[in-house]
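K.L.:
Provided below: query.cif, containing mmCIF, C-alpha atoms.
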data_query
#
loop_
_atom_site.label_atom_id
_atom_site.label_comp_id
_atom_site.auth_asym_id
_atom_site.auth_seq_id
_atom_site.Cartn_x
_atom_site.Cartn_y
_atom_site.Cartn_z
CA MET K 1 139.94 50.42 89.45
CA THR K 2 139.96 54.19 89.82
CA PRO K 3 137.18 55.91 87.93
CA LEU K 4 138.19 58.81 85.70
CA SER K 5 138.17 62.07 87.62
CA ASP K 6 135.72 64.85 86.82
CA ALA K 7 138.69 67.09 86.05
CA PHE K 8 139.93 64.56 83.48
CA LEU K 9 136.51 64.28 81.84
CA ASP K 10 136.09 68.08 81.78
CA ARG K 11 139.46 68.50 80.13
CA LEU K 12 138.68 65.82 77.57
CA ALA K 13 135.29 67.27 76.66
CA SER K 14 136.66 70.80 76.32
CA ALA K 15 139.56 69.62 74.16
CA ALA K 16 137.10 67.74 71.96
CA VAL K 17 134.97 70.86 71.49
CA ARG K 18 138.01 73.07 70.90
CA GLU K 19 139.35 70.73 68.21
CA GLY K 20 135.99 70.49 66.49
CA LEU K 21 135.63 66.80 67.33
CA ALA K 22 132.26 66.93 69.08
CA ASP K 23 129.05 66.51 67.10
CA ALA K 24 127.12 67.48 70.23
CA VAL K 25 127.62 68.27 73.91
CA TYR K 26 125.14 67.32 76.62
CA THR K 27 124.49 68.23 80.21
CA THR K 28 121.77 67.70 82.78
CA LEU K 29 120.29 70.38 85.02
CA SER K 30 117.63 70.55 87.68
CA THR K 31 114.87 73.12 87.23
CA PRO K 32 111.50 73.95 88.78
CA ILE K 33 109.88 71.68 86.16
CA GLY K 34 112.18 68.78 86.98
CA PRO K 35 115.54 67.58 85.69
CA LEU K 36 116.26 68.33 82.04
CA VAL K 37 118.72 66.90 79.55
CA LEU K 38 120.14 69.59 77.28
CA VAL K 39 121.99 68.72 74.07
CA GLN K 40 123.70 71.36 71.96
CA GLY K 41 125.54 71.25 68.63
CA SER K 42 127.81 73.86 67.09
CA ARG K 43 124.86 75.79 65.66
CA GLY K 44 122.52 75.76 68.61
CA VAL K 45 120.32 73.73 70.94
CA LEU K 46 119.42 70.37 69.38
CA ARG K 47 117.40 68.67 72.06
CA ILE K 48 115.81 69.21 75.44
CA ALA K 49 114.36 66.16 77.18
CA PHE K 50 112.15 66.07 80.24
CA GLU K 51 112.54 63.62 83.07
CA GLY K 52 111.09 60.24 82.23
CA GLU K 53 112.82 59.75 78.93
CA PRO K 54 115.87 57.50 79.41
CA LEU K 55 119.13 59.40 78.83
CA ASP K 56 120.70 56.70 76.67
CA ARG K 57 117.71 56.66 74.35
CA THR K 58 117.78 60.46 74.02
CA LEU K 59 121.49 60.42 73.21
CA ALA K 60 121.21 57.48 70.82
CA ARG K 61 118.66 59.44 68.78
CA VAL K 62 120.88 62.51 68.74
CA ALA K 63 123.75 60.28 67.58
CA THR K 64 121.65 58.94 64.71
CA GLY K 65 120.64 62.46 63.73
CA VAL K 66 123.86 64.48 63.94
CA GLY K 67 126.68 62.02 64.61
CA PRO K 68 127.99 59.78 67.40
CA ARG K 69 130.72 62.06 68.76
CA ILE K 70 128.75 63.15 71.79
CA VAL K 71 130.51 64.35 74.93
CA GLN K 72 129.28 65.52 78.32
CA SER K 73 130.29 68.89 79.74
CA ASP K 74 128.65 71.27 82.18
CA ARG K 75 131.40 73.78 81.52
CA GLU K 76 131.02 73.95 77.73
CA LEU K 77 127.28 74.52 78.11
CA ALA K 78 127.52 76.94 81.04
CA ALA K 79 126.01 79.89 79.16
CA THR K 80 123.04 77.90 77.85
CA ARG K 81 122.45 76.26 81.23
CA ASP K 82 122.45 79.66 82.87
CA THR K 83 119.99 81.18 80.36
CA LEU K 84 117.62 78.24 80.66
CA SER K 85 117.80 78.10 84.46
CA ARG K 86 117.19 81.81 84.88
CA TYR K 87 114.20 81.63 82.55
CA LEU K 88 112.63 78.67 84.33
CA GLU K 89 113.31 80.16 87.77
CA GLY K 90 111.47 83.27 86.61
CA ASP K 91 114.57 85.46 87.00
CA ASP K 92 114.71 86.47 83.36
CA ASP K 93 112.07 86.99 80.63
CA ARG K 94 114.38 86.29 77.76
CA LEU K 95 115.19 82.91 76.30
CA ASP K 96 117.33 83.93 73.35
CA LEU K 97 118.98 80.67 72.41
CA PRO K 98 119.90 79.63 68.88
CA VAL K 99 118.21 76.38 67.87
CA ASP K 100 119.27 73.68 65.47
CA LEU K 101 116.31 71.77 64.03
CA SER K 102 118.43 68.97 62.53
CA LEU K 103 116.53 66.34 64.51
CA VAL K 104 113.18 67.37 63.00
CA ARG K 105 112.10 65.11 60.20
CA GLY K 106 110.14 66.48 57.26
CA PRO K 107 110.02 69.99 55.76
CA PHE K 108 106.53 70.81 57.03
CA ARG K 109 107.30 69.87 60.63
CA ARG K 110 110.41 71.99 60.38
CA ALA K 111 108.40 74.92 58.98
CA VAL K 112 105.90 74.61 61.83
CA LEU K 113 108.58 74.65 64.52
CA GLU K 114 110.50 77.48 62.84
CA THR K 115 107.34 79.57 62.68
CA LEU K 116 106.57 78.78 66.28
CA HIS K 117 110.07 79.73 67.40
CA ASP K 118 110.27 82.93 65.34
CA GLU K 119 106.72 84.27 65.55
CA VAL K 120 104.95 83.12 68.69
CA HIS K 121 106.47 85.17 71.44
CA ARG K 122 106.44 85.03 75.19
CA GLY K 123 102.96 85.56 76.65
CA GLU K 124 101.21 84.80 73.34
CA VAL K 125 99.28 81.68 72.48
CA VAL K 126 98.19 80.26 69.14
CA THR K 127 95.74 77.54 68.09
CA TYR K 128 96.77 74.50 66.07
CA GLY K 129 94.69 75.84 63.16
CA ALA K 130 96.26 79.30 63.25
CA LEU K 131 99.73 77.84 63.40
CA ALA K 132 98.93 75.65 60.37
CA ARG K 133 97.97 78.81 58.46
CA GLN K 134 101.07 80.67 59.61
CA ALA K 135 103.27 77.78 58.53
CA GLY K 136 101.75 77.89 55.05
CA ASN K 137 99.25 75.02 55.03
CA PRO K 138 95.88 75.85 56.65
CA ARG K 139 94.55 72.32 56.15
CA ALA K 140 97.41 70.59 57.94
CA VAL K 141 96.06 71.00 61.48
CA ARG K 142 96.77 67.40 62.46
CA ALA K 143 100.31 67.64 61.06
CA VAL K 144 100.84 70.68 63.27
CA GLY K 145 99.81 68.51 66.22
CA THR K 146 102.36 65.90 65.22
CA ALA K 147 105.05 68.54 64.76
CA CYS K 148 104.40 69.78 68.29
CA ALA K 149 104.21 66.28 69.76
CA THR K 150 107.60 65.42 68.27
CA ASN K 151 109.24 68.79 68.96
CA PRO K 152 112.84 67.94 69.95
CA ILE K 153 113.39 71.30 71.68
CA PRO K 154 110.44 71.99 73.99
CA ILE K 155 110.53 75.20 76.07
CA VAL K 156 112.85 76.97 73.59
CA VAL K 157 110.64 76.10 70.62
CA PRO K 158 107.47 77.01 72.51
CA CYS K 159 105.00 74.25 71.70
CA HIS K 160 103.48 74.93 75.14
CA ARG K 161 101.99 78.08 73.55
CA VAL K 162 99.91 76.02 71.11
CA LEU K 163 96.39 75.43 72.44
CA PRO K 164 93.28 73.72 71.09
CA ALA K 165 90.55 76.00 69.70
CA SER K 166 88.46 75.10 72.78
CA GLY K 167 90.80 77.23 74.85
CA ARG K 168 91.60 74.31 77.11
CA LEU K 169 95.15 73.30 77.96
CA GLY K 170 95.38 70.42 75.49
CA ALA K 171 98.16 67.89 75.14
CA TYR K 172 101.84 68.34 75.88
CA GLY K 173 104.85 66.07 75.41
CA GLY K 174 106.06 66.83 78.91
CA GLY K 175 102.60 66.36 80.42
CA PRO K 176 99.83 68.97 80.94
CA GLU K 177 101.14 70.12 84.31
CA ARG K 178 104.43 71.29 82.82
CA LYS K 179 102.51 73.07 80.05
CA ARG K 180 100.46 74.90 82.68
CA VAL K 181 103.58 75.92 84.61
CA LEU K 182 105.39 77.14 81.48
CA LEU K 183 102.37 79.24 80.49
CA ALA K 184 101.90 80.61 84.01
CA LEU K 185 105.56 81.67 83.95
CA GLU K 186 104.72 84.05 81.13
CA GLY K 187 101.42 85.21 82.60
CA VAL K 188 99.04 83.05 80.58
CA ARG K 189 96.23 81.50 82.61
CA THR K 190 94.59 78.36 81.29
CA ARG K 191 91.45 76.52 82.13
CA MET R 1 127.07 61.20 59.97
CA SER R 2 128.19 57.61 59.98
CA ALA R 3 126.59 54.78 58.08
CA VAL R 4 126.62 52.39 61.03
CA ALA R 5 124.76 52.97 64.28
CA LEU R 6 127.60 53.84 66.64
CA PRO R 7 126.72 54.47 70.30
CA PRO R 8 127.26 58.00 71.69
CA PHE R 9 131.00 58.27 72.34
CA TRP R 10 130.59 59.31 75.96
CA SER R 11 128.78 56.08 76.81
CA LEU R 12 131.96 54.19 75.84
CA ILE R 13 134.00 56.37 78.17
CA GLU R 14 131.56 55.84 81.00
CA ARG R 15 131.67 52.11 80.49
CA HIS R 16 135.37 51.56 79.81
CA GLY R 17 137.20 54.70 80.99
CA ASP R 18 138.49 53.27 84.27
CA GLU R 19 139.93 50.10 82.75
CA LEU R 20 141.51 52.10 79.92
CA LEU R 21 143.22 54.30 82.50
CA ALA R 22 144.49 51.16 84.25
CA HIS R 23 145.76 49.93 80.89
CA ALA R 24 147.48 53.27 80.19
CA ARG R 25 149.17 52.98 83.61
CA ARG R 26 150.47 49.53 82.74
CA MET R 27 151.77 50.82 79.39
CA THR R 28 153.41 53.94 80.82
CA ASP R 29 153.58 55.19 84.38
CA GLU R 30 151.41 56.87 86.96
CA GLN R 31 152.36 60.42 85.87
CA THR R 32 151.96 59.96 82.12
CA ALA R 33 148.92 57.69 82.10
CA GLU R 34 146.27 60.42 82.17
CA ASP R 35 147.98 62.41 79.41
CA VAL R 36 148.27 59.29 77.28
CA LEU R 37 144.63 58.40 77.79
CA GLN R 38 143.53 61.98 77.05
CA ASP R 39 145.49 61.88 73.81
CA ALA R 40 144.22 58.40 72.96
CA LEU R 41 140.58 59.33 73.47
CA LEU R 42 140.94 62.41 71.26
CA ARG R 43 142.48 60.22 68.56
CA ALA R 44 139.62 57.77 68.99
CA LEU R 45 137.11 60.59 68.73
CA ARG R 46 138.74 61.81 65.52
CA ALA R 47 138.43 58.36 63.95
CA TYR R 48 135.10 57.36 65.46
CA PRO R 49 132.71 58.39 62.64
CA ARG R 50 134.86 56.54 60.12
CA LEU R 51 134.59 53.17 61.83
CA ARG R 52 133.01 50.64 59.52
CA HIS R 53 131.22 48.71 62.23
CA ALA R 54 130.24 49.00 65.87
CA ASP R 55 131.71 45.66 66.98
CA HIS R 56 134.44 45.27 69.58
CA LEU R 57 134.56 48.97 70.42
CA ARG R 58 136.19 48.21 73.75
CA ALA R 59 139.03 46.30 72.10
CA TRP R 60 139.40 49.11 69.59
CA LEU R 61 139.82 51.64 72.44
CA TYR R 62 142.46 49.36 74.00
CA ARG R 63 144.36 49.32 70.70
CA VAL R 64 144.19 53.09 70.31
CA THR R 65 145.41 53.51 73.91
CA THR R 66 148.22 51.00 73.31
CA THR R 67 149.50 52.69 70.15
CA THR R 68 149.20 56.14 71.73
CA ALA R 69 151.28 55.02 74.73
CA LEU R 70 153.95 53.65 72.44
CA ASP R 71 153.95 56.82 70.32
CA VAL R 72 154.54 58.85 73.46
CA HIS R 73 157.54 56.66 74.32
CA ARG R 74 158.93 56.99 70.81
CA THR R 75 158.53 60.74 70.79
CA ARG R 76 160.33 61.03 74.11
CA ARG R 77 163.14 58.84 72.91
CA ARG R 78 163.46 60.90 69.74
CA GLU R 79 163.88 64.00 71.83
CA VAL R 80 167.01 62.42 73.31
CA VAL R 81 168.44 60.58 70.28
CA THR R 82 168.26 63.28 67.64
CA ASP R 83 169.68 61.33 64.70
CA GLU R 84 166.86 58.81 64.75
CA PRO R 85 164.49 59.39 61.82
CA PRO R 86 161.02 60.51 62.90
CA VAL R 87 158.40 57.80 62.99
CA PRO R 88 155.61 58.59 60.54
CA ALA R 89 152.37 59.46 62.29
CA VAL R 90 150.48 56.24 62.85
CA GLU R 91 146.93 56.24 61.58
CA ALA R 92 146.24 53.61 64.17
CA GLU R 93 142.83 54.84 65.00
CA TYR R 94 140.83 52.82 62.54
CA ASP R 95 143.46 50.69 60.88
CA ASP R 96 144.42 47.37 62.40
CA GLY R 97 147.61 47.37 60.32
CA ALA R 98 149.16 49.80 62.77
CA PHE R 99 148.53 47.46 65.65
CA GLU R 100 149.95 44.55 63.66
CA SER R 101 153.17 46.40 62.85
CA LEU R 102 153.41 47.40 66.48
CA ILE R 103 153.33 43.82 67.71
CA ALA R 104 155.28 42.38 64.75
CA PRO R 105 158.62 42.17 66.61
CA LEU R 106 157.14 40.00 69.37
CA ALA R 107 157.15 36.22 69.48
CA ALA R 108 154.22 34.47 67.80
CA THR R 109 152.68 33.34 71.10
CA ALA R 110 152.77 36.88 72.47
CA ARG R 111 151.25 38.31 69.26
CA ASN R 112 148.55 35.72 69.33
CA ALA R 113 147.65 36.50 72.95
CA LEU R 114 147.51 40.25 72.24
CA ARG R 115 145.31 39.77 69.17
CA LEU R 116 142.85 37.59 71.04
CA ARG R 117 142.62 40.20 73.77
CA PHE R 118 142.76 43.51 71.88
CA VAL R 119 141.47 42.67 68.41
CA GLU R 120 139.08 39.82 68.99
CA ASP R 121 138.04 41.29 72.34
CA LEU R 122 137.76 37.88 74.01
CA ASP R 123 137.61 37.48 77.77
CA TYR R 124 140.22 35.34 79.52
CA ASP R 125 138.01 32.25 79.61
CA ARG R 126 137.65 32.35 75.82
CA ILE R 127 141.33 33.17 75.31
CA ALA R 128 142.16 30.16 77.48
CA VAL R 129 140.11 27.93 75.18
CA GLU R 130 141.83 29.37 72.10
CA LEU R 131 145.29 28.89 73.60
CA GLY R 132 144.52 25.58 75.28
CA THR R 133 145.55 26.86 78.70
CA SER R 134 143.87 27.80 81.97
CA PRO R 135 142.25 31.27 82.22
CA GLU R 136 144.94 32.24 84.72
CA ALA R 137 147.70 31.25 82.31
CA ALA R 138 145.92 33.16 79.52
CA ARG R 139 145.78 36.28 81.67
CA GLN R 140 149.46 35.79 82.46
CA ARG R 141 150.39 35.47 78.81
CA VAL R 142 148.54 38.66 77.81
CA SER R 143 150.03 40.58 80.70
CA THR R 144 153.56 39.37 79.88
CA ALA R 145 153.06 40.35 76.23
CA VAL R 146 151.91 43.85 77.26
CA ARG R 147 154.97 44.19 79.48
CA THR R 148 157.31 43.04 76.68
CA LEU R 149 155.72 45.53 74.31
CA ARG R 150 156.23 48.28 76.83
CA GLU R 151 159.85 47.33 77.53
CA ARG R 152 160.69 47.25 73.84
CA VAL R 153 159.89 50.90 73.46
CA THR R 154 160.94 52.26 76.82
CA THR R 155 164.46 50.81 76.79
#
Any chance you could put this one into C-alpha cells?
P.N.:
Amino acid sequence: MTPLSDAFLDRLASAAVREGLADAVYTTLSTPIGPLVLVQGSRGVLRIAFEGEPLDRTLARVATGVGPRIVQSDRELAATRDTLSRYLEGDDDRLDLPVDLSLVRGPFRRAVLETLHDEVHRGEVVTYGALARQAGNPRAVRAVGTACATNPIPIVVPCHRVLPASGRLGAYGGGPERKRVLLALEGVRTR
Amino acid sequence: MSAVALPPFWSLIERHGDELLAHARRMTDEQTAEDVLQDALLRALRAYPRLRHADHLRAWLYRVTTTTALDVHRTRRREVVTDEPPVPAVEAEYDDGAFESLIAPLAATARNALRLRFVEDLDYDRIAVELGTSPEAARQRVSTAVRTLRERVTT
C-alpha cells in the first residue's frame, strides 16, 4: 500500500487549521540541546518536550488537556520553529512567543509559571523562595518546585532560571546539563 | 474537550492513512481518491470530539471515507442531471444511520458483509466465522459488496 504523501498530509493539516478544526498542531525540530517536540494551540505554545519522553505519551496528554484533534505540520508552525531555533542556536536574544498554560493544573502552579514567564527575564535568575514570594505565597517554596518540575513549556517558560538558594545548579526536568546550557546561552555561569 | 479518551487524531492517520487511501481508490478512481480522502478526513476531524466512545475508530474512518466517496459521486451526477433534487447533507460522521441508509438498497448478504467489516470492524477470519465461509470467501463477499455500492452510485 502506498503511504500518504507528505504533500497530502501538509495539505490536510493546513486545511484543518484554516477551518478551525485543530485543537493543537505539533512538530519536531532538532536543536543544540537535542530534538524537541513543540505543540501549539490557537492561543500559543502549549507544550515543549525534550528527547526521552515518548511522543505518543506527550500527545496523549495534550489530547486530554485541550482536545484530541491534534495534527502534525512543520509548515503551520514555521514561525515558532524559526524563533525557537534561532534562540537556541544563539542567533537571536529574543524568545517572544505567546504561551497557553492550559495544561497546567492548579491555580498556584499557573500563577508561578505566569510570574516566571512575565517577570524573570533573560540573563536573570531567581531562587525558589523568591519566586514563591513573587507568585503571592512566600511559604509555598516546595509547591514552586513542583510547578517548575511539571512545567509543560520549558525554555519559553524559563524554569531553568530558577536556582536553589545554595547557588548551585539544582534540578531540571530536562536534566542538569540542559539547564547549564540554557543558562550559559544567556550569559549566566553556574557552579 | 471530549468526555472519552480519544487518541490524538494524527495517530489514527499514521496508522490507517495508507489503507484508507487504498479504500478511497476502490470507491472512486486514482485521480479522485486523494481529494475524497482529504474531504473525508476533514469530516472525521469535525465529528471527532463528539464521538461517544473510542472503539472501532478504524471502522469509523472507513465508513466516513465510504460515505464521502458516495457523496462525491452524487454531487457529480447532480451537476449533469439538473432536475434531480439535491441530496440533503449527510451527517454521516458520527451517525451510523447514514451508513445504514447508504447500504439499504443492497442485498441482505452484502449488507451483512459490509456491517461486519465497517461497523463491527472484524478481520476476515472473524467475518468468515460469522458468515460460515472461508476467510477468502469472506474477503470476496466484502469486496463484491463494495464494488456493488460503488456501481450503484457511479452509473
K.L.:
Show me which bits of chain K are within 6 Å of chain R, counting all atoms listed in the file, as a PyMOL selection string.
P.N.:
chain K and resi 2-4+63+67-71
K.L.:
Residues picked by the PyMOL selection byres ((chain K and resi 100) around 6) here, as a ChimeraX atom specification?
P.N.:
/K:43-46,99,101-102
K.L.:
The PyMOL selection byres ((chain K and resi 124-132) around 10) on the file shown: which residues, as a PyMOL selection string?
P.N.:
chain K and resi 108+111-113+115-116+119-123+133-145+148+158-167+183+186-188
K.L.:
In Å, with one decimal, what is the gap from atom CA of R:Leu102 to atom CA of R:Arg117?
P.N.:
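Going from atom CA of R:Leu102 over to atom CA of R:Arg117 covers 14.9 Å.
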K.L.:
Could you expand the PyMOL selection byres ((chain R and resi 146) around 9) into the explicit residues it covers here, written as an MDAnalysis selection string?
P.N.:
chainID R and resid 26:27 66 110 114 141:145 147:151
K.L.:
Just how far from atom CA of K:Ser5 is atom CA of R:Trp60, in Å to one decimal?
P.N.:
22.2 Å
K.L.:
What would the list of residues within 7 Å of (117.7, 64.3, 77.2) (file frame) look like as a list of chain:residue names, if all atoms listed in the file are what count?
P.N.:
K:Leu36, K:Val37, K:Leu38, K:Val39, K:Arg47, K:Ile48, K:Ala49, K:Phe50, K:Glu53, K:Leu55, K:Thr58, K:Leu59
K.L.:
Any idea what the distance is between atom CA of K:Gly34 and atom CA of K:Arg105?
P.N.:
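Answer for the atom CA of K:Gly34 to atom CA of K:Arg105 separation: 27.0 Å.
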